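Undergrad: Got a structure for you, written out below as structure tokens; questions coming shortly.
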Amino acid sequence: MTDAQRVTAESARVDWFGMLARFAPLIFLIALMIIFAVLEPRFMSSINLFNVMRQVSITGLLAIGMTFVILTAGIDLSVGSLLAFAGLVAAAVAKGGMQDRFTIGEGAIGWGWELAALAAIAVGVCGGLLQGLAITKLKVPPFVVTLGGMSVFRGAALLFAAGGPISGFQPDFTWWGQGKIGPVPVPVIIFLVAALLAHIALRYMRYGRQVYAVGGNPEAARLSGLNVNWVICSVYVIMGFFAGLGAFVLSARLNSAEAVAGTGYELTVIASVVIGGTSLFGGAGTIFGTVIGSILIGVLLNGLVLMNVSSYIQQIIIGVIIVLAVAFDTFAKSRRRKA
Amino acid sequence: MTDPQPLLKMTGIAKSFPGVKALDGVDLEVAPAEIHALLGENGAGKSTLLKILAGAQSPDRGTIQFDGQTVTLGSPQDSQKLGIVTIYQEFTLAPDMTIAENVFIGREPGPRFFINWPKMEAETLKLIRRIGLERSPMTLVRDLSVAEQQMVEIARALSMQSRVIIMDEPTSALSSAEVEKLFRIVRQLKSEGISIIFVTHRLEEVIEICDRLTVLRDGRNVGAGKVSETTIDGIIRLMVGREVNALYAHREAGEVGPVALAVEGLTRLRTAHDPHATELKDVSLHVRRGEILGIAGLVGAGRTEMARAIFGADPFDSGRVLIDGEPVEIHSPRDAIRRGIGLVPEDRKQQALFLAQAIRTNLSIAALDRIGRFGLFVDERKERDMVEEYRQLLNIRMASGDQAVGNLSGGNQQKVVLARWLALRPKVLIVDEPTRGIDIGAKVEVHNLLFEMAKTGIAVIAISSELPEVLAVADRIVTMREGRVTGETMRADATQEKLMTMMTLSAASRAA
């Protein structure tokens, strides 16, 4: 067969398996929702569904940032700790210092939600930048740098909080976590808008091309004139930005910030990204997949709670699902390679 | 004289993949103690046939007889048990383990879970001395040259009591002295009664060492017979199914302009950090606009290292690079690209392509400036137009720009890499082994592209290990040896023999 013939033969053939692999997370999500809807009538109520989405929105924000990181074949284990630290800083700003940390009402006017949000994002971005620099300048693998970061930021949060939470904010602050626009919770809107912007950045911007290129083949990216270190550093900054934003929304939702916030988030967040089809080897994945992956985990946890499954068993299920998602991805890839 | 009973006989082998018929009724007969060449362009079906022999894939149809018995090769273990061992082009050695461990990996001598180290060492020593590898069995594979690593692979094959050893492009990474040594080993194995299946693109080697040959084209047999009864031209005709004179066309030497790129005294020395690096010693050369400068040299001569140093991919210790007569500072490929230099690296898959990604994004990655919108965005319509422009210009055979580049043939992949650089409209384009691993038809197309580029005023530096290729494409040829420039000649005055002399002998010994 000549090349030309082979090309036509290939394009004529519909790759059903490839289609299935691509939409597997969405199909799985729909199937899961049908199962829960049948088993538990409360599941499909609009109150419950918005509740699920509101829970998803925090880890979903982090998962958007994590998608950038994993697309470059990196990983960030420090997200939960960085979120806790940023949340405390935001809370302190919102309260105008630490002296009124528990006061609710008149005593705690503080410095406004705008500065609080800015502070949370600044802490996140700085944390991400530090880690990005350690990865690119000191040439320490991302796994190790962010494992260290996980401990450093958690320690910083505990130190900053000095043992207790900071709680009781102004209503214009808590609106960002508890408010609604129409029937839709504000965090859900933030999450979806952020997802849309991230999608545009990855799909339509030059920056996105560079992220995929660096993740797909760093040497080829360098020889194509890309500033590989800059790109790698930038994805940790983006991750930090989302950790800060997530911290702000979480503090607003809980009307409180504490040093143990976000513990174990790295698992949920990485799981969301991986279940959404982003390859841990870099270079392949989409924000759409990550959004689906995040919702899938949220729906799963919510459904299990409604069915009174213990939280310990939920952890086991999440762990198994991560491994299965990667196994499926590897299987799909090897099939494609053989074809 | 009648042929002896064949050791291996494959009959009517067929294998299809979704959309592609890789093998369509192929026969292969290998006699005992025979060196058998398996030839064909890329995509002819050689690799699939080898995988079937190695037990890595099962044929859809056909029979395999070994030693007169019909056999099923369902797994690599089945093949190994019969004594069929494959040495792949990319070695399968563990670099941080010793020669002995690599030779006996998975089959270590010793009781149950334990390894009898003295025995393993002694047996390895016997094996590697038999093929002339003068190293201790306890040497780490990392510390061996490529040729020595290949000998470890051969020793491993021998340790498995092989009766057929399949060598896939065994000479592609070797210098000519090393090739001679390999051939001595191969002849020795033959004299010990072992059959060799020899896969190569270098047809001179077939004539030199092989007894019989089988030629595949598009998954079918197109020829088989004694090597002594054929010629290189005859083999090429079988492989490509077209006349040879299309191969390696020369071009009319065009008008050349002023010097576009000059390199003066480029030097790069080994460091303790990288003791195996190839050095560059006082390399000076230049290339003019519209000229193709060929660089010839054996493996390890410093050709690739020079290209990478000019391009900013590797640092150098001293010397300078001038563009249009102006000295320029180049510290990274980014700097080089900004100055109008492009590099098509020698290893397409490792260094140039994003295999899982679309042809479109592969082509445009270096030229996003040209298809930008508001500086930050990619204008996909412009990008598709660009892909279409270069698809026509370079005759890239593809279904659509959204196809993954990894699904293209080697030749078309290389055209995508060339298009990436053409899209940048470079002043100087360095191509390192531009036709490595691509079939003969695509080679001619790539050569013609180089001619077209030179015609538009690009200064081209073409590095190649194949002398006929250097002689075909270059207007002027510089030879290198051990990191130094050893000579320069116009194409009109050059012959393969003359170039080989310049590449292998130092200036002093040539003068003497």
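Each chain of the structure tokens is named A, B, ... in the order shown, its residues numbered from 1; ligands are numbered from 1 in display order.
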Once DSSP has gone over the backbone, tell me which residues of range 365-465 of chain B are in strand (DSSP E), as a ChimeraX atom specification.

TA: /B:372-373,377-378,428-432,459-463

Undergrad: Return as a ChimeraX atom specification the residues belonging to chain B that are within 8 Å of chain A, counting only C-alpha atoms.

TA: /B:17-21,218-219,313,332-335,337,343,350-357,361,365-366,368,372,376-379,397-399,409

Undergrad: Would you mind exporting the chosen residues as a PDB file, in the first residue's frame, restricted to C-alpha atoms?

TA:
ATOM      1  CA  PHE B  17      -3.555  -3.887  11.417  1.00  0.00           C
ATOM      2  CA  PRO B  18      -6.706  -1.798  11.349  1.00  0.00           C
ATOM      3  CA  GLY B  19      -6.526  -0.005   8.017  1.00  0.00           C
ATOM      4  CA  VAL B  20      -3.116  -1.361   7.019  1.00  0.00           C
ATOM      5  CA  LYS B  21      -2.088  -4.660   5.502  1.00  0.00           C
ATOM      6  CA  ASP B 218       4.472  -3.051   0.382  1.00  0.00           C
ATOM      7  CA  GLY B 219       4.165  -6.239   2.431  1.00  0.00           C
ATOM      8  CA  ALA B 313      21.970  23.943  22.075  1.00  0.00           C
ATOM      9  CA  SER B 332      20.386  29.246  23.519  1.00  0.00           C
ATOM     10  CA  PRO B 333      18.431  27.915  20.541  1.00  0.00           C
ATOM     11  CA  ARG B 334      16.140  30.905  21.111  1.00  0.00           C
ATOM     12  CA  ASP B 335      19.007  33.290  20.428  1.00  0.00           C
ATOM     13  CA  ILE B 337      16.502  31.341  15.926  1.00  0.00           C
ATOM     14  CA  LEU B 343      18.618  23.279  13.036  1.00  0.00           C
ATOM     15  CA  GLN B 350      13.706  12.487  20.301  1.00  0.00           C
ATOM     16  CA  GLN B 351      14.757  15.997  19.386  1.00  0.00           C
ATOM     17  CA  ALA B 352      12.293  17.454  16.928  1.00  0.00           C
ATOM     18  CA  LEU B 353       8.795  16.053  17.052  1.00  0.00           C
ATOM     19  CA  PHE B 354       5.907  16.094  19.490  1.00  0.00           C
ATOM     20  CA  LEU B 355       4.754  12.683  18.334  1.00  0.00           C
ATOM     21  CA  ALA B 356       1.368  12.568  20.045  1.00  0.00           C
ATOM     22  CA  GLN B 357       0.416  16.040  18.869  1.00  0.00           C
ATOM     23  CA  THR B 361       0.994  22.232  16.104  1.00  0.00           C
ATOM     24  CA  ILE B 365       5.526  25.658  17.169  1.00  0.00           C
ATOM     25  CA  ALA B 366       8.615  27.704  16.272  1.00  0.00           C
ATOM     26  CA  LEU B 368       3.850  31.182  16.368  1.00  0.00           C
ATOM     27  CA  GLY B 372      -0.411  35.231  16.090  1.00  0.00           C
ATOM     28  CA  LEU B 376      -1.072  36.251  22.583  1.00  0.00           C
ATOM     29  CA  PHE B 377      -3.407  34.081  20.546  1.00  0.00           C
ATOM     30  CA  VAL B 378      -2.943  31.580  17.743  1.00  0.00           C
ATOM     31  CA  ASP B 379      -4.934  32.411  14.628  1.00  0.00           C
ATOM     32  CA  ARG B 397       1.301  13.059   2.413  1.00  0.00           C
ATOM     33  CA  MET B 398      -1.253  13.354   5.203  1.00  0.00           C
ATOM     34  CA  ALA B 399      -5.005  13.182   5.678  1.00  0.00           C
ATOM     35  CA  SER B 409       5.898   7.737   7.767  1.00  0.00           C
TER      36      SER B 409
END

Undergrad: Tell me, in Å to one decimal, how far CA of Ala325 in chain A is from CA of Pro25 in chain A.

TA: 8.9 Å

Undergrad: For range 121-135 of chain A, work out the shell of residues within 7 Å, counting only C-alpha atoms and skipping chain neighbours fewer than 2 positions away, then give it as a ChimeraX atom specification.

TA: /A:82,86,117-119,137-142,145-146,232-233,236-237,239-241,243-245

Undergrad: How would the residues just picked look written out with C-alpha atoms as a PDB file, in the first residue's frame?

TA:
ATOM      1  CA  LEU A  82      -0.459  26.333  50.115  1.00  0.00           C
ATOM      2  CA  ALA A  86      -3.074  31.542  51.659  1.00  0.00           C
ATOM      3  CA  ALA A 117      -8.517  38.100  47.841  1.00  0.00           C
ATOM      4  CA  LEU A 118      -5.430  39.842  46.544  1.00  0.00           C
ATOM      5  CA  ALA A 119      -3.415  38.658  49.557  1.00  0.00           C
ATOM      6  CA  LYS A 137      17.114  26.619  38.677  1.00  0.00           C
ATOM      7  CA  LEU A 138      18.121  24.026  41.277  1.00  0.00           C
ATOM      8  CA  LYS A 139      17.055  21.158  38.990  1.00  0.00           C
ATOM      9  CA  VAL A 140      15.214  19.331  41.742  1.00  0.00           C
ATOM     10  CA  PRO A 141      12.378  17.105  40.446  1.00  0.00           C
ATOM     11  CA  PRO A 142       8.859  18.581  40.918  1.00  0.00           C
ATOM     12  CA  VAL A 145      10.209  20.194  45.522  1.00  0.00           C
ATOM     13  CA  THR A 146       6.459  20.110  46.086  1.00  0.00           C
ATOM     14  CA  ILE A 232       7.802  25.101  33.551  1.00  0.00           C
ATOM     15  CA  CYS A 233       8.148  27.852  36.134  1.00  0.00           C
ATOM     16  CA  TYR A 236       3.634  26.393  39.112  1.00  0.00           C
ATOM     17  CA  VAL A 237       2.811  30.086  39.324  1.00  0.00           C
ATOM     18  CA  MET A 239      -1.062  26.500  40.156  1.00  0.00           C
ATOM     19  CA  GLY A 240      -0.244  28.918  42.980  1.00  0.00           C
ATOM     20  CA  PHE A 241      -2.714  31.450  41.614  1.00  0.00           C
ATOM     21  CA  ALA A 243      -4.447  27.714  45.194  1.00  0.00           C
ATOM     22  CA  GLY A 244      -4.800  31.345  46.328  1.00  0.00           C
ATOM     23  CA  LEU A 245      -8.152  31.817  44.599  1.00  0.00           C
TER      24      LEU A 245
END

Undergrad: Which residues in range 262-478 of chain B does DSSP call alpha helix (DSSP H)? List them as a CSV table (one decimal) with N, CA and C atoms, in the first residue's frame.

TA:
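Written out: part18.csv:
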chain,number,residue,atom,x,y,z
B,303,ARG,N,30.7,16.5,14.1
B,303,ARG,CA,29.8,17.2,13.2
B,303,ARG,C,28.6,17.7,13.9
B,304,THR,N,27.9,16.8,14.6
B,304,THR,CA,26.7,17.1,15.3
B,304,THR,C,27.0,18.1,16.5
B,305,GLU,N,28.1,17.9,17.1
B,305,GLU,CA,28.5,18.8,18.3
B,305,GLU,C,28.7,20.2,17.7
B,306,MET,N,29.3,20.3,16.6
B,306,MET,CA,29.5,21.6,16.0
B,306,MET,C,28.2,22.3,15.7
B,307,ALA,N,27.3,21.5,15.1
B,307,ALA,CA,26.0,22.1,14.7
B,307,ALA,C,25.3,22.6,16.0
B,308,ARG,N,25.3,21.7,17.0
B,308,ARG,CA,24.6,22.1,18.3
B,308,ARG,C,25.2,23.3,18.9
B,309,ALA,N,26.6,23.4,18.8
B,309,ALA,CA,27.2,24.6,19.4
B,309,ALA,C,26.8,25.9,18.7
B,310,ILE,N,26.8,25.8,17.4
B,310,ILE,CA,26.4,27.0,16.6
B,310,ILE,C,25.0,27.4,16.9
B,333,PRO,N,19.1,28.0,21.9
B,333,PRO,CA,18.4,27.9,20.5
B,333,PRO,C,17.5,29.1,20.2
B,334,ARG,N,16.9,29.7,21.3
B,334,ARG,CA,16.1,30.9,21.1
B,334,ARG,C,16.9,32.0,20.5
B,335,ASP,N,18.2,32.2,21.0
B,335,ASP,CA,19.0,33.3,20.4
B,335,ASP,C,19.3,33.0,19.0
B,336,ALA,N,19.6,31.7,18.7
B,336,ALA,CA,20.0,31.3,17.3
B,336,ALA,C,18.9,31.6,16.4
B,337,ILE,N,17.7,31.2,16.8
B,337,ILE,CA,16.5,31.3,15.9
B,337,ILE,C,16.3,32.8,15.7
B,338,ARG,N,16.4,33.6,16.7
B,338,ARG,CA,16.3,35.1,16.5
B,338,ARG,C,17.3,35.6,15.5
B,359,ILE,N,-0.1,17.4,13.5
B,359,ILE,CA,0.9,17.9,12.5
B,359,ILE,C,0.9,19.5,12.5
B,360,ARG,N,-0.3,20.0,12.6
B,360,ARG,CA,-0.5,21.5,12.7
B,360,ARG,C,0.4,22.1,13.8
B,361,THR,N,0.3,21.6,15.0
B,361,THR,CA,1.0,22.2,16.1
B,361,THR,C,2.5,21.9,16.0
B,362,ASN,N,2.8,20.8,15.5
B,362,ASN,CA,4.2,20.5,15.3
B,362,ASN,C,4.9,21.4,14.3
B,363,LEU,N,4.1,21.8,13.2
B,363,LEU,CA,4.7,22.6,12.2
B,363,LEU,C,4.8,24.0,12.7
B,364,SER,N,3.9,24.5,13.5
B,364,SER,CA,3.9,25.9,13.8
B,364,SER,C,4.6,26.3,15.0
B,380,GLU,N,-6.0,30.3,14.2
B,380,GLU,CA,-6.0,28.9,13.6
B,380,GLU,C,-6.3,28.9,12.1
B,381,ARG,N,-6.9,30.0,11.6
B,381,ARG,CA,-7.1,30.0,10.2
B,381,ARG,C,-5.8,30.2,9.5
B,382,LYS,N,-5.0,31.2,10.0
B,382,LYS,CA,-3.7,31.4,9.4
B,382,LYS,C,-2.8,30.1,9.5
B,383,GLU,N,-3.0,29.4,10.7
B,383,GLU,CA,-2.2,28.2,10.9
B,383,GLU,C,-2.6,27.1,9.9
B,384,ARG,N,-3.9,27.0,9.6
B,384,ARG,CA,-4.3,26.0,8.6
B,384,ARG,C,-3.8,26.3,7.2
B,385,ASP,N,-3.8,27.6,6.9
B,385,ASP,CA,-3.3,28.1,5.6
B,385,ASP,C,-1.8,27.8,5.5
B,386,MET,N,-1.1,28.0,6.7
B,386,MET,CA,0.4,27.7,6.7
B,386,MET,C,0.6,26.2,6.5
B,387,VAL,N,-0.2,25.4,7.1
B,387,VAL,CA,0.0,23.9,7.0
B,387,VAL,C,-0.3,23.5,5.5
B,388,GLU,N,-1.3,24.1,5.0
B,388,GLU,CA,-1.7,23.8,3.6
B,388,GLU,C,-0.6,24.2,2.6
B,389,GLU,N,0.0,25.4,2.9
B,389,GLU,CA,1.1,26.0,2.0
B,389,GLU,C,2.2,25.0,2.0
B,390,TYR,N,2.6,24.5,3.2
B,390,TYR,CA,3.8,23.7,3.2
B,390,TYR,C,3.5,22.2,2.8
B,391,ARG,N,2.2,21.8,3.0
B,391,ARG,CA,1.8,20.5,2.5
B,391,ARG,C,2.0,20.4,1.0
B,392,GLN,N,1.6,21.5,0.3
B,392,GLN,CA,1.8,21.5,-1.1
B,392,GLN,C,3.3,21.6,-1.5
B,393,LEU,N,3.9,22.6,-0.8
B,393,LEU,CA,5.3,22.9,-1.2
B,393,LEU,C,6.2,21.7,-1.0
B,394,LEU,N,6.0,20.9,0.1
B,394,LEU,CA,6.9,19.8,0.4
B,394,LEU,C,6.3,18.5,0.1
B,410,GLY,N,8.3,8.0,8.2
B,410,GLY,CA,9.5,8.8,8.5
B,410,GLY,C,9.7,9.9,7.6
B,411,GLY,N,9.6,9.7,6.3
B,411,GLY,CA,9.8,10.7,5.3
B,411,GLY,C,8.9,11.9,5.5
B,412,ASN,N,7.7,11.6,5.7
B,412,ASN,CA,6.7,12.7,5.9
B,412,ASN,C,6.9,13.4,7.2
B,413,GLN,N,7.3,12.7,8.3
B,413,GLN,CA,7.7,13.3,9.5
B,413,GLN,C,8.8,14.3,9.3
B,414,GLN,N,9.8,13.9,8.6
B,414,GLN,CA,11.0,14.8,8.3
B,414,GLN,C,10.6,16.0,7.6
B,415,LYS,N,9.6,15.9,6.6
B,415,LYS,CA,9.1,17.0,5.9
B,415,LYS,C,8.4,18.0,6.8
B,416,VAL,N,7.7,17.5,7.8
B,416,VAL,CA,7.1,18.4,8.8
B,416,VAL,C,8.1,19.2,9.5
B,417,VAL,N,9.2,18.5,9.9
B,417,VAL,CA,10.3,19.2,10.6
B,417,VAL,C,10.9,20.3,9.7
B,418,LEU,N,11.2,19.9,8.5
B,418,LEU,CA,11.7,20.9,7.5
B,418,LEU,C,10.8,22.1,7.4
B,419,ALA,N,9.5,21.8,7.3
B,419,ALA,CA,8.5,22.8,7.1
B,419,ALA,C,8.5,23.8,8.3
B,420,ARG,N,8.7,23.2,9.5
B,420,ARG,CA,8.7,24.0,10.7
B,420,ARG,C,9.8,25.1,10.6
B,421,TRP,N,10.9,24.7,10.0
B,421,TRP,CA,12.0,25.7,9.9
B,421,TRP,C,11.8,26.6,8.7
B,422,LEU,N,11.3,26.1,7.6
B,422,LEU,CA,11.0,27.0,6.4
B,422,LEU,C,10.1,28.1,6.8
B,440,ILE,N,14.0,5.5,0.2
B,440,ILE,CA,14.7,6.2,-0.8
B,440,ILE,C,13.9,7.2,-1.6
B,441,GLY,N,12.6,6.9,-1.8
B,441,GLY,CA,11.8,7.9,-2.5
B,441,GLY,C,11.8,9.2,-1.8
B,442,ALA,N,11.6,9.2,-0.5
B,442,ALA,CA,11.5,10.4,0.3
B,442,ALA,C,12.8,11.1,0.4
B,443,LYS,N,13.9,10.3,0.4
B,443,LYS,CA,15.3,10.9,0.4
B,443,LYS,C,15.4,11.8,-0.8
B,444,VAL,N,15.0,11.4,-1.9
B,444,VAL,CA,15.2,12.2,-3.1
B,444,VAL,C,14.4,13.5,-3.0
B,445,GLU,N,13.2,13.3,-2.4
B,445,GLU,CA,12.4,14.5,-2.2
B,445,GLU,C,13.0,15.5,-1.2
B,446,VAL,N,13.6,15.0,-0.2
B,446,VAL,CA,14.3,15.9,0.8
B,446,VAL,C,15.5,16.6,0.1
B,447,HIS,N,16.2,15.8,-0.7
B,447,HIS,CA,17.3,16.5,-1.4
B,447,HIS,C,16.9,17.6,-2.3
B,448,ASN,N,15.8,17.3,-3.0
B,448,ASN,CA,15.2,18.4,-3.9
B,448,ASN,C,14.8,19.6,-3.0
B,449,LEU,N,14.3,19.4,-1.8
B,449,LEU,CA,13.9,20.5,-1.0
B,449,LEU,C,15.1,21.3,-0.6
B,450,LEU,N,16.2,20.6,-0.3
B,450,LEU,CA,17.4,21.3,0.1
B,450,LEU,C,17.8,22.2,-1.1
B,451,PHE,N,17.7,21.7,-2.3
B,451,PHE,CA,18.1,22.4,-3.5
B,451,PHE,C,17.2,23.7,-3.6
B,452,GLU,N,15.9,23.5,-3.4
B,452,GLU,CA,15.0,24.6,-3.5
B,452,GLU,C,15.3,25.7,-2.5
B,453,MET,N,15.6,25.2,-1.2
B,453,MET,CA,16.0,26.2,-0.2
B,453,MET,C,17.2,27.0,-0.6
B,454,ALA,N,18.2,26.3,-1.1
B,454,ALA,CA,19.4,27.0,-1.5
B,454,ALA,C,19.1,28.1,-2.6
B,455,LYS,N,18.2,27.7,-3.5
B,455,LYS,CA,17.8,28.5,-4.6
B,455,LYS,C,17.2,29.8,-4.1
B,467,LEU,N,28.2,9.1,2.3
B,467,LEU,CA,29.0,9.9,1.4
B,467,LEU,C,28.3,10.2,0.1
B,468,PRO,N,27.6,9.2,-0.5
B,468,PRO,CA,26.9,9.5,-1.7
B,468,PRO,C,25.9,10.7,-1.6
B,469,GLU,N,25.3,10.8,-0.4
B,469,GLU,CA,24.4,11.9,-0.1
B,469,GLU,C,25.1,13.2,-0.1
B,470,VAL,N,26.3,13.2,0.6
B,470,VAL,CA,27.0,14.5,0.7
B,470,VAL,C,27.4,14.9,-0.7
B,471,LEU,N,27.9,13.9,-1.5
B,471,LEU,CA,28.3,14.2,-2.9
B,471,LEU,C,27.2,14.7,-3.7
B,472,ALA,N,26.0,14.2,-3.4
B,472,ALA,CA,24.8,14.6,-4.2
B,472,ALA,C,24.3,16.0,-3.9
B,473,VAL,N,24.3,16.3,-2.6
B,473,VAL,CA,23.6,17.6,-2.3
B,473,VAL,C,24.6,18.8,-2.2

Undergrad: Compile the contact shell of range 165-179 of chain A as a ChimeraX atom specification: residues with an atom at most 7 Å away, counting only C-alpha atoms, same-chain residues fewer than 2 positions apart removed.

TA: /A:91,94-95,101-104,113,161,181,185-187,249-250,252-253,255-258

Undergrad: Could you please determine the separation between CA of Asp67 in chain B and CA of Ser16 in chain B in Å, to one decimal place?

TA: 27.0 Å

Undergrad: Give me, as a tab-separated table (two decimals) with C-alpha atoms, in the first residue's frame, all polymer residues having an atom no more than 10 Å from Gly262 in chain A, counting only C-alpha atoms and skipping those fewer than 6 positions away in the same chain.

TA:
chain	number	residue	atom	x	y	z
A	58	ILE	CA	-12.88	24.49	45.32
A	59	THR	CA	-11.01	21.35	44.32
A	78	SER	CA	1.79	21.23	47.95
A	79	VAL	CA	-1.63	22.52	46.83
A	80	GLY	CA	-3.51	21.70	50.03
A	81	SER	CA	-0.86	23.26	52.28
A	82	LEU	CA	-0.46	26.33	50.11
A	83	LEU	CA	-4.24	26.75	50.12
A	84	ALA	CA	-4.32	26.62	53.93
A	85	PHE	CA	-1.55	29.20	54.25
A	87	GLY	CA	-6.49	31.18	53.29
A	154	ARG	CA	1.67	23.53	56.18
A	243	ALA	CA	-4.45	27.71	45.19
A	246	GLY	CA	-9.37	28.50	46.01
A	247	ALA	CA	-8.25	29.56	49.49
A	250	LEU	CA	-13.04	28.30	50.71

Undergrad: Tell me which protein, DNA and RNA residues are within 12 Å of Pro183 in chain A, counting only C-alpha atoms, leaving out same-chain ones fewer than 5 positions away, and put them as a VMD selection string.

TA: chain A and resid 46 to 47 49 to 51 53 to 54 178 188 to 189

Undergrad: So how many Å separate CA of Ser159 in chain B and CA of Ser145 in chain B, to one decimal?

TA: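 CA of Ser159 in chain B sits 21.0 Å away from CA of Ser145 in chain B.
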
Undergrad: For each of A:Gly149, A:Pro41, A:Gly293, A:Gly74, take the minimum atom-to-atom distance to Ile27 in chain A, counting only C-alpha atoms, then give the residue where this is smallest.

TA: A:Gly293

Undergrad: Do a neighbour search on range 192-197 of chain B at 6 Å with only C-alpha atoms, toss out local chain neighbours closer than 3 positions, and write the hits as a PyMOL selection string.

TA: chain B and resi 32-37+163-166+189
